[in-house]
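Below: query_35.txt (compact mmCIF, C-alpha atoms)
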# COMPACT_ATOMS: atom_id res chain seq x y z
CA MET A 217 9.38 52.03 197.84
CA LYS A 218 12.38 53.95 199.07
CA ALA A 219 15.72 52.83 197.67
CA ARG A 220 18.19 51.33 200.11
CA ASP A 221 21.06 53.59 201.02
CA VAL A 222 24.46 52.70 199.64
CA ALA A 223 27.06 53.10 202.37
CA GLY A 224 30.73 53.76 201.79
CA LEU A 225 30.61 55.55 198.45
CA ASP A 226 33.74 57.57 197.79
CA PRO A 227 33.17 60.53 195.46
CA ALA A 228 36.94 60.80 194.91
CA GLY A 229 37.33 57.05 194.39
CA PRO A 230 37.23 55.10 191.15
CA LEU A 231 33.92 54.73 189.37
CA SER A 232 34.35 50.96 189.20
CA ALA A 233 34.56 50.61 193.00
CA ASN A 234 31.55 52.86 193.58
CA ALA A 235 29.58 51.14 190.81
CA ALA A 236 30.35 47.74 192.31
CA ARG A 237 29.13 48.90 195.72
CA ILE A 238 25.89 50.30 194.29
CA VAL A 239 25.25 47.19 192.19
CA ARG A 240 25.66 44.90 195.19
CA VAL A 241 23.08 46.90 197.15
CA ARG A 242 20.63 47.03 194.23
CA ILE A 243 20.88 43.27 193.60
CA ASP A 244 20.38 42.56 197.29
CA GLU A 245 17.37 44.90 197.28
CA LEU A 246 15.89 43.12 194.25
CA ARG A 247 16.47 39.63 195.60
CA SER A 248 15.05 40.50 199.01
CA LEU A 249 11.72 41.32 197.36
CA ALA A 250 11.47 38.06 195.41
CA ALA A 251 9.87 35.92 198.13
CA GLY A 252 6.93 38.29 198.49
CA ALA A 253 6.63 39.04 194.77
CA LEU A 254 6.45 35.34 193.90
CA GLU A 255 3.09 35.13 195.67
CA PRO A 256 0.28 35.34 193.07
CA GLY A 257 -1.76 38.16 194.61
CA ALA A 258 1.11 40.22 196.03
CA ALA A 259 0.56 43.28 193.86
CA ARG A 260 2.43 45.64 196.21
CA SER A 261 5.49 43.37 196.43
CA GLN A 262 5.47 42.90 192.66
CA HIS A 263 5.30 46.63 192.11
CA ASP A 264 8.17 47.19 194.57
CA MET A 265 10.21 44.54 192.78
CA ARG A 266 9.56 46.29 189.46
CA ILE A 267 10.92 49.52 190.94
CA ALA A 268 13.97 47.66 192.29
CA ALA A 269 14.59 46.10 188.85
CA LYS A 270 14.35 49.55 187.30
CA ARG A 271 16.91 50.94 189.75
CA LEU A 272 19.30 48.08 189.05
CA ARG A 273 18.85 48.47 185.31
CA TYR A 274 19.53 52.20 185.41
CA VAL A 275 22.69 51.84 187.50
CA LEU A 276 23.90 49.16 185.10
CA GLU A 277 23.16 51.36 182.10
CA ALA A 278 25.24 54.13 183.63
CA THR A 279 28.12 52.06 185.01
CA GLY A 280 27.98 48.68 183.31
CA GLY A 281 31.19 49.34 181.38
CA CYS A 282 33.05 49.11 184.69
CA LEU A 283 31.71 45.61 185.31
CA GLY A 284 31.86 44.11 181.83
CA ALA A 285 29.81 41.35 180.22
CA PRO A 286 28.05 40.19 183.43
CA ALA A 287 26.68 43.73 183.83
CA GLU A 288 25.26 43.71 180.32
CA ALA A 289 23.58 40.34 180.88
CA ALA A 290 22.17 41.56 184.20
CA ARG A 291 20.96 44.81 182.62
CA ARG A 292 19.01 42.85 179.99
CA ARG A 293 17.50 40.59 182.65
CA ALA A 294 16.59 43.53 184.88
CA ARG A 295 14.80 45.09 181.93
CA GLU A 296 12.93 41.84 181.26
CA LEU A 297 11.84 41.73 184.90
CA GLN A 298 10.83 45.36 184.83
CA ASP A 299 8.75 44.79 181.68
CA ALA A 300 7.10 41.60 182.99
CA LEU A 301 6.23 43.17 186.32
CA GLY A 302 5.09 46.34 184.56
CA GLU A 303 2.54 44.39 182.53
CA ILE A 304 1.24 42.77 185.72
CA HIS A 305 1.02 46.22 187.30
CA ASP A 306 -1.00 47.47 184.32
CA CYS A 307 -3.60 44.78 185.06
CA ASP A 308 -3.56 45.72 188.75
CA VAL A 309 -4.23 49.36 187.86
CA LEU A 310 -6.96 48.60 185.30
CA LEU A 311 -9.01 46.17 187.40
CA PRO A 312 -10.12 48.74 190.01
CA ARG A 313 -10.81 51.26 187.23
CA VAL A 314 -13.11 48.78 185.51
CA ALA A 315 -14.90 48.12 188.81
CA ARG A 316 -15.31 51.86 189.50
CA HIS A 317 -16.65 52.46 186.00
CA ARG A 318 -19.14 49.60 186.33
CA ARG A 319 -20.32 50.96 189.72
CA ALA A 320 -20.67 54.46 188.27
CA LEU A 321 -22.78 53.21 185.35
CA ARG A 322 -25.00 51.20 187.69
CA THR A 323 -25.48 54.22 189.92
CA ILE A 324 -26.43 56.35 186.90
CA ASP A 325 -28.82 53.62 185.73
CA ALA A 326 -30.42 53.27 189.16
CA GLU A 327 -31.05 57.01 189.21
CA ALA A 328 -32.48 56.92 185.67
CA VAL A 329 -34.77 53.97 186.48
CA ARG A 330 -35.92 55.70 189.67
CA ALA A 331 -36.65 58.87 187.71
CA ARG A 332 -38.69 56.91 185.17
CA ALA A 333 -40.85 55.50 187.98
CA GLY A 334 -42.06 58.99 188.68
CA ASP A 335 -44.59 59.12 191.50
CA ASP A 336 -45.44 55.39 191.37
CA PRO A 337 -45.53 53.86 194.86
CA ASP A 338 -43.41 50.89 193.65
CA LEU A 339 -40.93 50.20 190.90
CA ASP A 340 -41.94 48.24 187.82
CA PRO A 341 -39.12 45.68 187.10
CA LYS A 342 -39.52 46.36 183.37
CA LEU A 343 -37.99 49.80 183.92
CA ALA A 344 -34.70 48.22 185.03
CA ALA A 345 -34.63 46.14 181.85
CA ARG A 346 -34.45 49.41 179.92
CA ALA A 347 -31.64 51.01 181.96
CA PRO A 348 -29.50 53.19 179.67
CA HIS A 349 -26.19 51.40 180.28
CA ARG A 350 -27.45 47.85 180.81
CA THR A 351 -25.52 46.51 177.80
CA SER A 352 -22.25 47.98 179.06
CA TYR A 353 -22.16 45.80 182.17
CA HIS A 354 -21.53 42.64 180.19
CA GLY A 355 -18.63 44.24 178.31
CA LEU A 356 -17.08 45.42 181.56
CA ASP A 357 -17.55 41.98 183.10
CA VAL A 358 -15.79 40.38 180.13
CA LEU A 359 -12.98 42.94 180.36
CA GLU A 360 -12.53 42.12 184.05
CA VAL A 361 -12.36 38.39 183.29
CA TYR A 362 -9.77 39.08 180.58
CA LEU A 363 -7.63 41.23 182.88
CA ARG A 364 -7.73 38.66 185.68
CA ALA A 365 -6.80 35.84 183.31
CA ARG A 366 -4.07 37.91 181.64
CA ARG A 367 -2.62 38.82 185.01
CA ALA A 368 -2.44 35.11 185.90
CA VAL A 369 -0.67 34.33 182.61
CA LEU A 370 1.75 37.22 183.12
CA PHE A 371 2.41 36.15 186.69
CA ASP A 372 3.30 32.63 185.53
CA ARG A 373 5.66 34.16 182.97
CA PHE A 374 7.28 36.29 185.67
CA VAL A 375 7.78 33.28 187.95
CA ALA A 376 9.42 31.35 185.10
CA LEU A 377 11.62 34.33 184.21
CA TRP A 378 12.78 34.73 187.81
CA ALA A 379 13.57 31.02 188.07
CA GLU A 380 15.53 31.15 184.81
CA ILE A 381 17.53 34.20 185.94
CA GLU A 382 18.39 32.55 189.24
CA GLU A 383 19.20 29.22 187.56
CA HIS A 384 21.58 30.88 185.10
CA GLY A 385 23.33 32.73 187.92
CA THR A 386 22.88 36.16 186.35
CA TRP A 387 22.97 38.00 189.68
CA ALA A 388 25.66 35.75 191.12
CA ASP A 389 27.93 36.37 188.11
CA LEU A 390 27.54 40.11 188.48
CA ILE A 391 28.10 40.00 192.24
CA ALA A 392 31.29 37.95 191.69
CA VAL A 393 32.67 40.69 189.43
CA ALA A 394 31.44 43.45 191.74
CA GLU A 395 33.14 41.88 194.75
CA ARG A 396 36.57 41.98 193.15
CA PRO A 397 38.58 45.02 194.19
CA GLY A 398 37.72 47.81 191.78
CA GLY A 399 35.22 45.55 190.05
CA GLY A 400 37.97 43.38 188.56
CA SER A 401 40.27 43.98 185.66
CA ALA A 402 38.99 44.33 182.11
CA ALA A 403 40.12 40.79 181.35
CA GLU A 404 38.36 39.39 184.43
CA ARG A 405 35.19 41.23 183.44
CA GLY A 406 35.20 39.68 179.98
CA VAL A 407 35.85 42.92 178.10

Taking this structure as input, can you express it in the form of structure tokens?
Amino acid sequence: MKARDVAGLDPAGPLSANAARIVRVRIDELRSLAAGALEPGAARSQHDMRIAAKRLRYVLEATGGCLGAPAEAARRRARELQDALGEIHDCDVLLPRVARHRRALRTIDAEAVRARAGDDPDLDPKLAARAPHRTSYHGLDVLEVYLRARRAVLFDRFVALWAEIEEHGTWADLIAVAERPGGGSAAERGV
């Protein structure tokens, strides 16, 4: 996912004003992805939201001092989102690998069983019962079940985390500070 452009940055201007502008864009980018990412099977949207959370976190790590306590709270929450969505992404990456591995083993076994048949005009079913990797299929099936169930648990955790962040006004608090000219004074920012 390509990051949204941040218009109006002033290289000669104060860091706090530029940081505030960037933060507003990154929060808007993150929030705009929420509707799609809150759908259970929306792996692409969830991955994009993870990248957006990472971008927000990094900008807050670099410039959070300009925006005070709300920036620190938002940085922690962005990291939590990034971690939660990263664990979901790990499941999304592993599931197709498990399926490919299972298919590869079955292909190897089919070739081995066919080779054992030799010149017989038909295949004896007992040969398939002795396929070299036959015991691996069950383990891979169990791993797939685990990954699917874990993904569902992690997704529920992500949904609850997002709701908690929104309910506590984490993004709104940071936007309020960022919308003040220059990001607000140190006292306004809680520092």

Need the shell around segment 285-297 of chain A: protein/DNA/RNA residues with any atom at most 6 Å away, counting all atoms listed in the file. Skip same-chain ones fewer than 5 positions apart. Format as number ranges by chain? A: 269, 273, 276, 280, 386, 390, 406

Could those residues be written to a file, using C-alpha atoms, as a tab-separated table (two decimals), in the coordinates of the input?
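Output saved as part.tsv:
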chain	number	residue	atom	x	y	z
A	269	ALA	CA	14.59	46.10	188.85
A	273	ARG	CA	18.85	48.47	185.31
A	276	LEU	CA	23.90	49.16	185.10
A	280	GLY	CA	27.98	48.68	183.31
A	386	THR	CA	22.88	36.16	186.35
A	390	LEU	CA	27.54	40.11	188.48
A	406	GLY	CA	35.20	39.68	179.98

Tell me which of A:Leu311, A:Leu301, A:Ala250, A:Ala258 sits closest to Leu363 of chain A, counting only C-alpha atoms.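 Ranking A:Leu311, A:Leu301, A:Ala250, A:Ala258 by distance to Leu363 of chain A, first place goes to A:Leu311.
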
I'd like the neighbourhood of segment 225-231 of chain A as a PyMOL selection string, where a residue qualifies if any of its atoms comes within 9 Å (using all atoms listed in the file), though same-chain residues fewer than 6 positions away should be ignored. chain A and resi 237-238+279+282+398

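Residue nearest Ala320 of chain A within the list A:Ile304, A:Asp336, A:Val275, A:His349: A:His349 [criterion: smallest interatomic distance, only C-alpha atoms].
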
Between atom CA of Ile381 of chain A and atom CA of Glu255 of chain A - distance in Å to one decimal: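 The value is 17.4 Å.
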
Identify which of the residues A:Arg350, A:Arg260, A:Lys218, A:Arg366 lies closest to Arg319 of chain A, counting all atoms listed in the file when measuring atom-to-atom distances.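 For Arg319 of chain A, the nearest of the given residues is A:Arg350.
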
Starting from the incomplete input, reconstruct N, CA and C atoms of segment 249-279 of chain A and write that as a short mmCIF file (atom, residue, chain, number, x, y, z; two decimals), in the frame of the given file.
data_model
loop_
_atom_site.label_atom_id
_atom_site.label_comp_id
_atom_site.auth_asym_id
_atom_site.auth_seq_id
_atom_site.Cartn_x
_atom_site.Cartn_y
_atom_site.Cartn_z
N LEU A 249 13.14 41.14 197.66
CA LEU A 249 11.72 41.32 197.36
C LEU A 249 11.11 40.10 196.67
N ALA A 250 11.95 39.19 196.21
CA ALA A 250 11.47 38.06 195.41
C ALA A 250 10.48 37.18 196.16
N ALA A 251 10.76 36.84 197.40
CA ALA A 251 9.87 35.92 198.13
C ALA A 251 8.44 36.45 198.16
N GLY A 252 8.27 37.71 198.47
CA GLY A 252 6.93 38.29 198.49
C GLY A 252 6.33 38.41 197.11
N ALA A 253 7.13 38.82 196.13
CA ALA A 253 6.63 39.04 194.77
C ALA A 253 6.24 37.75 194.08
N LEU A 254 6.77 36.63 194.52
CA LEU A 254 6.45 35.34 193.90
C LEU A 254 5.13 34.76 194.41
N GLU A 255 4.43 35.51 195.24
CA GLU A 255 3.09 35.13 195.67
C GLU A 255 2.09 35.70 194.66
N PRO A 256 1.14 34.90 194.17
CA PRO A 256 0.28 35.34 193.07
C PRO A 256 -0.45 36.67 193.26
N GLY A 257 -0.98 36.94 194.43
CA GLY A 257 -1.76 38.16 194.61
C GLY A 257 -1.01 39.31 195.26
N ALA A 258 0.29 39.23 195.31
CA ALA A 258 1.11 40.22 196.03
C ALA A 258 1.42 41.42 195.14
N ALA A 259 0.40 42.15 194.78
CA ALA A 259 0.56 43.28 193.86
C ALA A 259 1.56 44.31 194.37
N ARG A 260 1.51 44.63 195.66
CA ARG A 260 2.43 45.64 196.21
C ARG A 260 3.88 45.16 196.12
N SER A 261 4.13 43.92 196.50
CA SER A 261 5.49 43.37 196.43
C SER A 261 5.98 43.31 194.99
N GLN A 262 5.08 42.97 194.08
CA GLN A 262 5.47 42.90 192.66
C GLN A 262 5.79 44.29 192.12
N HIS A 263 5.02 45.25 192.53
CA HIS A 263 5.30 46.63 192.11
C HIS A 263 6.65 47.09 192.68
N ASP A 264 6.89 46.81 193.96
CA ASP A 264 8.17 47.19 194.57
C ASP A 264 9.34 46.50 193.87
N MET A 265 9.15 45.26 193.48
CA MET A 265 10.21 44.54 192.78
C MET A 265 10.46 45.16 191.41
N ARG A 266 9.40 45.62 190.76
CA ARG A 266 9.56 46.29 189.46
C ARG A 266 10.40 47.55 189.62
N ILE A 267 10.15 48.30 190.67
CA ILE A 267 10.92 49.52 190.94
C ILE A 267 12.38 49.16 191.22
N ALA A 268 12.60 48.10 191.99
CA ALA A 268 13.97 47.66 192.29
C ALA A 268 14.69 47.22 191.01
N ALA A 269 13.99 46.52 190.12
CA ALA A 269 14.59 46.10 188.85
C ALA A 269 14.95 47.31 188.00
N LYS A 270 14.08 48.31 188.05
CA LYS A 270 14.35 49.55 187.30
C LYS A 270 15.61 50.24 187.84
N ARG A 271 15.73 50.31 189.15
CA ARG A 271 16.91 50.94 189.75
C ARG A 271 18.19 50.20 189.36
N LEU A 272 18.14 48.88 189.43
CA LEU A 272 19.30 48.08 189.05
C LEU A 272 19.63 48.30 187.58
N ARG A 273 18.63 48.26 186.75
CA ARG A 273 18.85 48.47 185.31
C ARG A 273 19.50 49.83 185.05
N TYR A 274 19.00 50.86 185.67
CA TYR A 274 19.53 52.20 185.41
C TYR A 274 20.98 52.33 185.88
N VAL A 275 21.30 51.76 187.03
CA VAL A 275 22.69 51.84 187.50
C VAL A 275 23.59 51.05 186.56
N LEU A 276 23.10 49.95 186.03
CA LEU A 276 23.90 49.16 185.10
C LEU A 276 24.06 49.87 183.75
N GLU A 277 23.04 50.59 183.34
CA GLU A 277 23.16 51.36 182.10
C GLU A 277 24.22 52.45 182.23
N ALA A 278 24.29 53.03 183.42
CA ALA A 278 25.24 54.13 183.63
C ALA A 278 26.66 53.65 183.92
N THR A 279 26.80 52.48 184.53
CA THR A 279 28.12 52.06 185.01
C THR A 279 28.54 50.68 184.53
#
